[in-house]
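Participant: Structure: entry02.cif, mmCIF, C-alpha atoms.
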data_work
#
loop_
_atom_site.label_atom_id
_atom_site.label_comp_id
_atom_site.auth_asym_id
_atom_site.auth_seq_id
_atom_site.Cartn_x
_atom_site.Cartn_y
_atom_site.Cartn_z
CA PRO Z 4 -5.36 8.04 6.62
CA VAL Z 5 -4.29 8.25 10.27
CA LEU Z 6 -0.63 7.22 10.22
CA PHE Z 7 2.28 7.38 7.77
CA GLU Z 8 5.66 5.64 8.00
CA GLN Z 9 4.44 3.95 11.18
CA PRO Z 10 7.22 1.88 12.79
CA PHE Z 11 6.60 -1.41 14.56
CA GLU Z 12 8.81 -3.75 16.52
CA ARG Z 13 7.75 -6.94 18.24
CA LYS Z 14 9.66 -9.63 20.08
CA LEU Z 15 8.42 -13.08 19.15
CA GLY Z 16 7.63 -15.25 22.15
CA GLU Z 17 5.30 -17.94 23.40
CA GLU Z 18 2.62 -17.12 20.85
CA GLU Z 19 5.00 -18.07 18.03
CA LYS Z 20 6.65 -20.93 19.96
CA THR Z 21 10.10 -19.40 19.67
CA GLU Z 22 12.54 -18.51 22.43
CA GLU Z 23 11.42 -15.30 24.16
CA GLY Z 24 13.15 -12.28 22.68
CA LYS Z 25 15.45 -14.28 20.42
CA VAL Z 26 13.76 -12.98 17.27
CA VAL Z 27 12.52 -9.44 16.74
CA ILE Z 28 10.50 -8.39 13.73
CA HIS Z 29 10.41 -4.73 12.85
CA GLY Z 30 9.52 -2.51 9.95
CA LYS Z 31 7.73 0.60 8.83
CA ILE Z 32 4.19 0.68 7.45
CA ASP Z 33 3.84 3.28 4.70
CA ARG Z 34 0.25 4.21 5.48
CA ILE Z 35 -2.55 3.13 7.81
CA ASP Z 36 -6.20 4.10 7.30
CA ILE Z 37 -9.10 3.39 9.60
CA ALA Z 38 -12.87 3.54 9.19
CA GLU Z 39 -15.24 3.26 12.15
CA GLU Z 40 -18.73 1.81 12.24
CA ASN Z 41 -20.34 1.56 15.70
CA ASP Z 42 -17.88 -0.41 17.90
CA VAL Z 43 -15.92 -1.78 14.94
CA THR Z 44 -12.81 -0.15 13.49
CA TYR Z 45 -11.67 -1.45 10.11
CA VAL Z 46 -7.94 -1.19 9.50
CA LYS Z 47 -6.42 -0.75 6.05
CA ILE Z 48 -2.72 -0.64 5.23
CA VAL Z 49 -1.18 0.71 2.04
CA ASP Z 50 2.30 -0.17 0.84
CA TYR Z 51 3.68 2.28 -1.72
CA LYS Z 52 5.64 0.74 -4.59
CA SER Z 53 7.78 2.16 -7.38
CA GLY Z 54 6.68 -0.74 -9.62
CA SER Z 55 3.43 -2.56 -10.28
CA LYS Z 56 2.59 -5.27 -7.74
CA ASP Z 57 -0.43 -7.32 -6.75
CA PHE Z 58 -1.07 -9.88 -4.02
CA ASN Z 59 -0.25 -13.37 -5.29
CA GLU Z 60 -1.73 -16.11 -3.11
CA GLU Z 61 0.56 -18.81 -4.53
CA LEU Z 62 3.64 -16.84 -3.50
CA PHE Z 63 2.06 -15.97 -0.16
CA HIS Z 64 1.44 -19.64 0.66
CA ALA Z 65 5.05 -20.33 -0.37
CA GLY Z 66 6.17 -17.82 2.26
CA VAL Z 67 7.73 -15.16 0.06
CA GLN Z 68 5.04 -12.47 -0.17
CA LEU Z 69 4.23 -11.82 3.47
CA GLN Z 70 4.80 -8.07 3.71
CA THR Z 71 1.28 -6.64 3.51
CA ALA Z 72 -0.23 -9.39 5.69
CA VAL Z 73 2.47 -8.88 8.34
CA TYR Z 74 1.90 -5.12 8.20
CA LEU Z 75 -1.86 -5.49 8.64
CA ASN Z 76 -1.37 -7.89 11.56
CA GLU Z 77 1.02 -5.51 13.28
CA ALA Z 78 -1.19 -2.45 12.67
CA ILE Z 79 -4.16 -4.24 14.27
CA ARG Z 80 -1.96 -5.33 17.20
CA GLN Z 81 -0.88 -1.74 17.78
CA PHE Z 82 -4.45 -0.45 17.81
CA LYS Z 83 -5.55 -3.21 20.20
CA LYS Z 84 -2.68 -2.41 22.54
CA LEU Z 85 -3.57 1.29 22.57
CA ASN Z 86 -7.28 0.52 23.02
CA PRO Z 87 -7.63 -2.39 25.48
CA ASP Z 88 -11.41 -1.83 25.82
CA GLU Z 89 -12.94 -5.22 25.01
CA LYS Z 90 -15.98 -3.58 23.44
CA LYS Z 91 -13.82 -2.00 20.76
CA GLN Z 92 -13.18 -4.35 17.85
CA PHE Z 93 -10.38 -3.91 15.33
CA LYS Z 94 -10.94 -5.85 12.13
CA PRO Z 95 -8.93 -6.22 8.93
CA GLY Z 96 -10.29 -3.97 6.21
CA ALA Z 97 -7.76 -4.10 3.39
CA MET Z 98 -4.11 -4.58 2.50
CA PHE Z 99 -3.17 -2.74 -0.65
CA TYR Z 100 -0.20 -1.98 -2.86
CA TYR Z 101 -0.19 1.46 -4.48
CA HIS Z 102 1.96 2.01 -7.57
CA MET Z 103 3.52 5.48 -7.39
CA TYR Z 104 3.71 6.57 -11.01
CA ASP Z 105 2.22 8.84 -13.65
CA PRO Z 106 0.34 6.52 -16.03
CA ILE Z 107 0.47 6.99 -19.80
CA LEU Z 108 -2.97 6.29 -21.23
CA SER Z 109 -3.56 4.61 -24.56
CA SER Z 110 -6.98 5.87 -25.55
CA THR Z 111 -8.84 7.60 -28.35
CA GLU Z 112 -11.02 9.33 -25.75
CA GLU Z 113 -10.96 13.15 -25.99
CA ASP Z 114 -13.36 14.11 -23.21
CA ALA Z 115 -11.27 15.50 -20.32
CA GLU Z 116 -13.56 14.12 -17.61
CA LYS Z 117 -13.53 10.62 -19.09
CA LEU Z 118 -9.75 10.75 -19.44
CA LYS Z 119 -9.55 11.71 -15.76
CA ASP Z 120 -11.70 8.68 -14.90
CA LEU Z 121 -9.42 6.38 -16.92
CA ARG Z 122 -6.35 7.78 -15.18
CA GLU Z 123 -7.88 7.28 -11.73
CA GLN Z 124 -8.80 3.71 -12.66
CA GLU Z 125 -5.18 3.07 -13.59
CA LEU Z 126 -4.04 4.49 -10.25
CA ARG Z 127 -6.33 2.40 -8.07
CA PRO Z 128 -4.56 0.14 -5.55
CA GLN Z 129 -4.08 -3.61 -5.90
CA GLY Z 130 -4.38 -6.25 -3.20
CA LEU Z 131 -7.09 -7.70 -0.98
CA PHE Z 132 -10.01 -6.25 0.94
CA VAL Z 133 -12.84 -7.58 3.08
CA ASP Z 134 -16.45 -7.41 1.94
CA ASP Z 135 -18.58 -8.22 4.97
CA GLY Z 136 -21.54 -6.05 4.06
CA THR Z 137 -20.05 -2.98 5.75
CA ASN Z 138 -16.38 -2.56 4.87
CA LEU Z 139 -16.81 -2.19 1.11
CA ASP Z 140 -19.30 0.64 1.67
CA LEU Z 141 -16.70 2.36 3.85
CA LEU Z 142 -14.05 1.91 1.16
CA GLU Z 143 -16.40 3.03 -1.60
CA ASN Z 144 -19.98 3.97 -0.85
CA LYS Z 145 -22.46 2.23 -3.13
CA ASP Z 146 -24.03 5.51 -4.25
CA SER Z 147 -20.66 6.74 -5.53
CA ARG Z 148 -19.69 3.54 -7.35
CA PRO Z 149 -19.52 3.70 -11.16
CA LYS Z 150 -21.99 1.62 -13.15
CA SER Z 151 -20.64 -1.09 -15.46
CA ALA Z 152 -17.09 0.18 -14.97
CA LYS Z 153 -13.89 -0.22 -12.99
CA SER Z 154 -13.72 1.14 -9.49
CA LYS Z 155 -11.34 4.02 -8.82
CA LYS Z 156 -10.75 3.03 -5.20
CA VAL Z 157 -10.63 -0.77 -4.98
CA PRO Z 158 -9.39 -3.45 -7.42
CA VAL Z 159 -12.76 -4.58 -8.79
CA SER Z 160 -15.29 -3.67 -11.45
CA TYR Z 161 -18.97 -3.05 -10.84
CA THR Z 162 -22.10 -4.17 -12.64
CA ALA Z 163 -24.89 -1.90 -13.85
CA SER Z 164 -26.52 -2.33 -10.43
CA GLN Z 165 -23.24 -1.23 -8.75
CA GLU Z 166 -22.50 -4.66 -7.30
CA VAL Z 167 -19.05 -6.25 -7.56
CA ASN Z 168 -18.63 -7.97 -10.93
CA GLY Z 169 -18.13 -11.69 -10.29
CA ASN Z 170 -15.24 -11.83 -12.78
CA THR Z 171 -13.20 -9.41 -10.64
CA LYS Z 172 -13.70 -10.98 -7.22
CA LYS Z 173 -10.18 -12.37 -6.75
CA SER Z 174 -9.37 -9.36 -4.58
CA VAL Z 175 -12.48 -9.76 -2.42
CA LYS Z 176 -12.35 -11.82 0.79
CA SER Z 177 -14.81 -12.63 3.51
CA GLU Z 178 -13.79 -11.71 7.04
CA GLU Z 179 -13.07 -15.39 7.74
CA GLU Z 180 -10.92 -15.74 4.61
CA MET Z 181 -8.90 -12.65 5.50
CA GLN Z 182 -8.42 -13.84 9.08
CA LYS Z 183 -7.08 -17.15 7.73
CA ILE Z 184 -4.57 -15.26 5.58
CA LEU Z 185 -3.43 -13.17 8.55
CA SER Z 186 -3.16 -16.26 10.78
CA GLU Z 187 -1.12 -18.02 8.12
CA ALA Z 188 1.20 -15.01 7.91
CA ASP Z 189 1.81 -15.20 11.67
CA GLY Z 190 2.40 -18.94 11.37
CA THR Z 191 4.88 -18.52 8.53
CA VAL Z 192 6.79 -15.85 10.46
CA ALA Z 193 7.00 -18.24 13.42
CA LYS Z 194 8.14 -21.11 11.19
CA LEU Z 195 10.82 -19.05 9.48
CA SER Z 196 11.99 -17.70 12.84
CA GLY Z 197 12.31 -21.24 14.18
CA GLU Z 198 14.33 -22.29 11.14
CA ILE Z 199 16.66 -19.32 11.61
CA LEU Z 200 17.21 -20.21 15.27
CA ASP Z 201 17.80 -23.86 14.32
CA GLY Z 202 20.47 -22.83 11.80
CA GLU Z 203 18.50 -24.11 8.82
CA ILE Z 204 20.38 -22.94 5.72
CA GLY Z 205 19.52 -25.66 3.22
CA ILE Z 206 19.94 -24.70 -0.43
CA SER Z 207 16.39 -24.94 -1.80
CA PRO Z 208 15.52 -21.77 -3.71
CA LEU Z 209 11.92 -21.18 -4.68
CA SER Z 210 10.83 -20.79 -8.29
CA ALA Z 211 7.31 -20.03 -9.49
CA GLY Z 212 7.80 -19.63 -13.22
CA SER Z 213 7.76 -16.04 -14.40
CA LYS Z 214 6.17 -14.87 -11.13
CA TYR Z 215 9.17 -15.45 -8.88
CA ASP Z 216 12.70 -16.78 -8.99
CA ALA Z 217 14.70 -16.59 -5.76
CA CYS Z 218 17.99 -16.81 -7.65
CA LYS Z 219 17.32 -14.02 -10.13
CA PHE Z 220 18.59 -11.11 -8.03
CA CYS Z 221 20.28 -13.03 -5.22
CA ILE Z 222 23.59 -11.50 -4.14
CA TYR Z 223 24.77 -14.77 -2.56
CA LYS Z 224 24.98 -16.87 -5.74
CA GLY Z 225 28.72 -17.21 -5.43
CA ALA Z 226 28.48 -18.36 -1.81
CA CYS Z 227 25.76 -21.00 -2.12
CA GLY Z 228 27.05 -22.58 -5.31
CA PHE Z 229 23.58 -23.55 -6.55
CA ASP Z 230 23.73 -24.85 -10.12
CA ALA Z 231 20.50 -26.15 -11.68
CA ARG Z 232 22.60 -28.00 -14.28
CA ALA Z 233 24.31 -30.14 -11.65
CA TYR Z 234 22.90 -33.41 -10.32
CA GLY Z 235 21.07 -33.08 -7.00
CA TYR Z 236 20.29 -29.39 -7.36
CA LYS Z 237 16.69 -28.42 -7.89
CA LYS Z 238 14.38 -25.58 -7.07
CA ARG Z 239 11.19 -25.83 -5.06
#
Let me see whether you can do it: turn the structure in this file into structure tokens.
Facilitator:
Amino acid sequence: PVLFEQPFERKLGEEEKTEEGKVVIHGKIDRIDIAEENDVTYVKIVDYKSGSKDFNEELFHAGVQLQTAVYLNEAIRQFKKLNPDEKKQFKPGAMFYYHMYDPILSSTEEDAEKLKDLREQELRPQGLFVDDGTNLDLLENKDSRPKSAKSKKVPVSYTASQEVNGNTKKSVKSEEEMQKILSEADGTVAKLSGEILDGEIGISPLSAGSKYDACKFCIYKGACGFDARAYGYKKR
């Protein structure tokens, strides 16, 4: 870790095709880690949560789970601004959620060391990380990876040969795949900013089954008047 509670603030401009300075995005990144290999610095962000959360690509593409991608974009921007040397590369390493809790284990295991391993597996972060042949070794060196077991540091399991188990690869992205996610996050921020500036306030709440319901905890229910029982009202 190199930074905690790192603030960021950026005026959207020509890059996002919005009016210069009309929209400002700002926030605070819970934790930023870096790992360096030659001229490449991999950037990882961690967002601490009081409840369990994982990256859901369906919700991300719908524009409602942008936080970690926005944070990783802004962290990389800050490092690039502080280090304008063109030889220095800053690449996305990981964007994780970390559930801050004390897990209760359901196990018949009595060995203290094995119980410790199970607890650490429960406490591993969730989210996405890049495996480009280098980054995963920086996140968890191959020699220290468990055999035929869950990782304690990244959201995957390993085979007997300490390779990522193919059944747990949903969290693993290539560098190109991660860059596409980060580019889409920037594009969605620009799109939403444009809609705000255009006064777009159409009533079209998003619903994704049990994963997400925009109306569930909305404090503006009384103002918008949305009623799924009435003709003409429907959720996206």
Participant: Neighbouring residues of range 4-13 of chain Z were defined as those with any atom within 6 Å, considering all atoms listed in the file; residues of the same chain fewer than 6 positions away were excluded. Please report them as a ChimeraX atom specification.
Facilitator: /Z:27-36
Participant: Considering all atoms listed in the file, return as a ChimeraX atom specification whatever protein or nucleic-acid residues lie within 10 Å of Phe132 in chain Z, sequence-local ones (same chain, fewer than 4 positions apart) excluded.
Facilitator: /Z:47,95-99,138-139,142,157-158,173-178,181
Participant: Between Z:Pro128, Z:Ser186, Z:Lys238, Z:Thr71, which is the closest to Gly212 in chain Z once you count only C-alpha atoms?
Facilitator: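 Looking only at the distances to Gly212 in chain Z, the closest residue turns out to be Z:Lys238.
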Participant: Please determine, counting all atoms listed in the file, which residue among Z:Gln165, Z:Gln92, Z:Gln68, Z:Asn76 has the shortest atom-to-atom distance to Val43 in chain Z.
Facilitator: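 Among Z:Gln165, Z:Gln92, Z:Gln68, Z:Asn76, it is Z:Gln92 that comes nearest to Val43 in chain Z.
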Participant: To one decimal place in Å, what is the distance between CA of Lys52 in chain Z and CA of Tyr100 in chain Z?
Facilitator: 6.7 Å
Participant: Between Z:His102, Z:Lys183, Z:Lys214, Z:Lys224, single out the one closest to Ser55 in chain Z, counting all atoms listed in the file.
Facilitator: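 Selected residue with least distance to Ser55 in chain Z: Z:His102.
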Participant: Residues picked by the PyMOL selection byres ((chain Z and resi 91) around 12) here, as a list in words?
Facilitator: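 Taken over the shown coordinates, the PyMOL selection byres ((chain Z and resi 91) around 12) returns Glu39, Glu40, Asn41, Asp42, Val43, Thr44, Tyr45, Ile79, Phe82, Lys83, Lys84, Leu85, Asn86, Pro87, Asp88, Glu89, Lys90, Gln92, Phe93 and Lys94 of chain Z.
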Participant: Calculate how many Å separate CA of Pro149 in chain Z from CA of Gln124 in chain Z, rounding to one decimal.
Facilitator: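 Interatomic distance, CA of Pro149 in chain Z to CA of Gln124 in chain Z: 10.8 Å.
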Participant: Rank Z:Val46, Z:Glu61, Z:Glu143, Z:Val192 by their smallest atom-to-atom distance to Gln81 in chain Z, using all atoms listed in the file, and report the top residue only.
Facilitator: Z:Val46
